[in-house]
Amino acid sequence: MYNCALIKFKDITDKYGHLTPIESKLDTPFEIKRIYYITKVEQGTTRGFHSHRKLHQVLICLNGSVKIRVKNPKEEEVFELNDPSVGLYVGTLIWREMFDFTEGSVLLVLASEYYDEDDYIRNYDFYLDEAKKRF
Ligand code: TYD
């Protein structure tokens, strides 16, 4: 889907377990300025419901699984993240919703910008108005 893609990171496996290194700009399509993680989401919760004007992100489920619905005015797709060596790149002007968090799941987000509430579009109708100019 436009502006969304799965990224496969290295998965260094030995008898001690798995290790995934992520180096800013080498393994991500942007410089990482911020990371955050989402944990302890109650079953049945859906979060997100927004888009960003400038921010790019990569979402990685470090434990358990979570589904991410991404939309633009013309397309919609659901990705299930359940592998810590796979990230979902989400570019600008993509509407996202995160749901079906399994118990104990951990969703790590790598972000291209510092937190800026003014970069969010949280109203779906406003999102469609802005995104229709692009898509
Ligand atoms: P939000 O991005 O709406 O979470 P989600 O899309 O996962 O539902 O953020 C939830 C709250 O946390 C909101 O009040 C903004 C705040 N927040 C920060 O203060 N800094 C951050 O880096 C992020 C991502 C959110």
# chains A, B, ... in the order shown; residues from 1 in each chain; ligands from 1
call {"tool": "residues_around", "arguments": {"residues": "Glu31 of chain A", "least_positions_apart": "3", "cutoff": "9 Å", "atoms": "only C-alpha atoms", "output": "list in words"}}
result
Ser24, Lys25, Leu26, Thr28, Ala111, Ser112 and Glu113 of chain A
call {"tool": "residues_around", "arguments": {"residues": "segment 37-47 of chain A", "least_positions_apart": "6", "cutoff": "8 Å", "atoms": "only C-alpha atoms", "output": "mmCIF file with N, CA and C atoms, in the first residue's frame"}}
result
data_model
loop_
_atom_site.group_PDB
_atom_site.id
_atom_site.type_symbol
_atom_site.label_atom_id
_atom_site.label_comp_id
_atom_site.auth_asym_id
_atom_site.auth_seq_id
_atom_site.Cartn_x
_atom_site.Cartn_y
_atom_site.Cartn_z
ATOM 1 N N GLU A 97 -4.957 2.551 12.876
ATOM 2 C CA GLU A 97 -5.663 2.066 14.064
ATOM 3 C C GLU A 97 -4.966 0.784 14.498
ATOM 4 N N MET A 98 -4.691 0.650 15.792
ATOM 5 C CA MET A 98 -4.020 -0.534 16.321
ATOM 6 C C MET A 98 -5.006 -1.307 17.182
ATOM 7 N N PHE A 99 -5.111 -2.617 16.948
ATOM 8 C CA PHE A 99 -6.116 -3.401 17.677
ATOM 9 C C PHE A 99 -5.645 -4.855 17.827
ATOM 10 N N ASP A 100 -6.455 -5.645 18.535
ATOM 11 C CA ASP A 100 -6.107 -7.053 18.796
ATOM 12 C C ASP A 100 -4.732 -7.209 19.447
ATOM 13 N N PHE A 101 -4.435 -6.346 20.405
ATOM 14 C CA PHE A 101 -3.207 -6.502 21.192
ATOM 15 C C PHE A 101 -3.364 -7.770 22.030
ATOM 16 N N THR A 102 -2.430 -8.697 21.951
ATOM 17 C CA THR A 102 -2.506 -9.877 22.814
ATOM 18 C C THR A 102 -1.954 -9.518 24.198
ATOM 19 N N GLU A 103 -2.321 -10.321 25.195
ATOM 20 C CA GLU A 103 -1.877 -10.036 26.555
ATOM 21 C C GLU A 103 -0.350 -10.044 26.616
ATOM 22 N N GLY A 104 0.231 -9.034 27.221
ATOM 23 C CA GLY A 104 1.688 -8.967 27.345
ATOM 24 C C GLY A 104 2.374 -8.436 26.098
ATOM 25 N N SER A 105 1.596 -7.989 25.111
ATOM 26 C CA SER A 105 2.235 -7.508 23.879
ATOM 27 C C SER A 105 2.932 -6.164 24.130
ATOM 28 N N VAL A 106 3.990 -5.958 23.363
ATOM 29 C CA VAL A 106 4.786 -4.725 23.474
ATOM 30 C C VAL A 106 4.967 -4.183 22.062
ATOM 31 N N LEU A 107 4.466 -2.971 21.836
ATOM 32 C CA LEU A 107 4.601 -2.359 20.508
ATOM 33 C C LEU A 107 5.597 -1.209 20.605
ATOM 34 N N LEU A 108 6.715 -1.371 19.911
ATOM 35 C CA LEU A 108 7.761 -0.346 19.888
ATOM 36 C C LEU A 108 7.558 0.525 18.657
ATOM 37 N N VAL A 109 7.705 1.839 18.819
ATOM 38 C CA VAL A 109 7.557 2.749 17.679
ATOM 39 C C VAL A 109 8.823 3.597 17.545
#
call {"tool": "closest_residue", "arguments": {"among": "A:Leu59, A:Thr92, A:Tyr36, A:Asp118", "to": "Glu80 of chain A", "atoms": "only C-alpha atoms"}}
result
A:Leu59
call {"tool": "select_by_dssp", "arguments": {"residues": "chain A", "states": "strand (DSSP E)", "output": "PyMOL selection string"}}
result
chain A and resi 4-8+12-14+17-19+34-39+47-52+57-63+66-71+76-81+86-90+95-99+106-111+120-121
call {"tool": "atom_distance", "arguments": {"atom1": "atom CA of Asn72 of chain A", "atom2": "atom CA of Arg34 of chain A"}}
result
24.5 Å
call {"tool": "closest_residue", "arguments": {"among": "A:His50, A:Glu130, A:Leu62, A:Trp95", "to": "Leu81 of chain A", "atoms": "only C-alpha atoms"}}
result
A:Leu62
call {"tool": "closest_residue", "arguments": {"among": "A:Val78, A:Leu128, A:Ile7, A:Leu110", "to": "ligand 1", "atoms": "only C-alpha atoms and all ligand atoms"}}
result
A:Leu110
call {"tool": "closest_residue", "arguments": {"among": "A:Tyr114, A:Lys33, A:Asp27, A:Leu6", "to": "Ile68 of chain A", "atoms": "only C-alpha atoms"}}
result
A:Leu6
call {"tool": "closest_residue", "arguments": {"among": "A:Lys8, A:Val90, A:Tyr2, A:Lys71", "to": "Phe49 of chain A", "atoms": "only C-alpha atoms"}}
result
A:Lys71
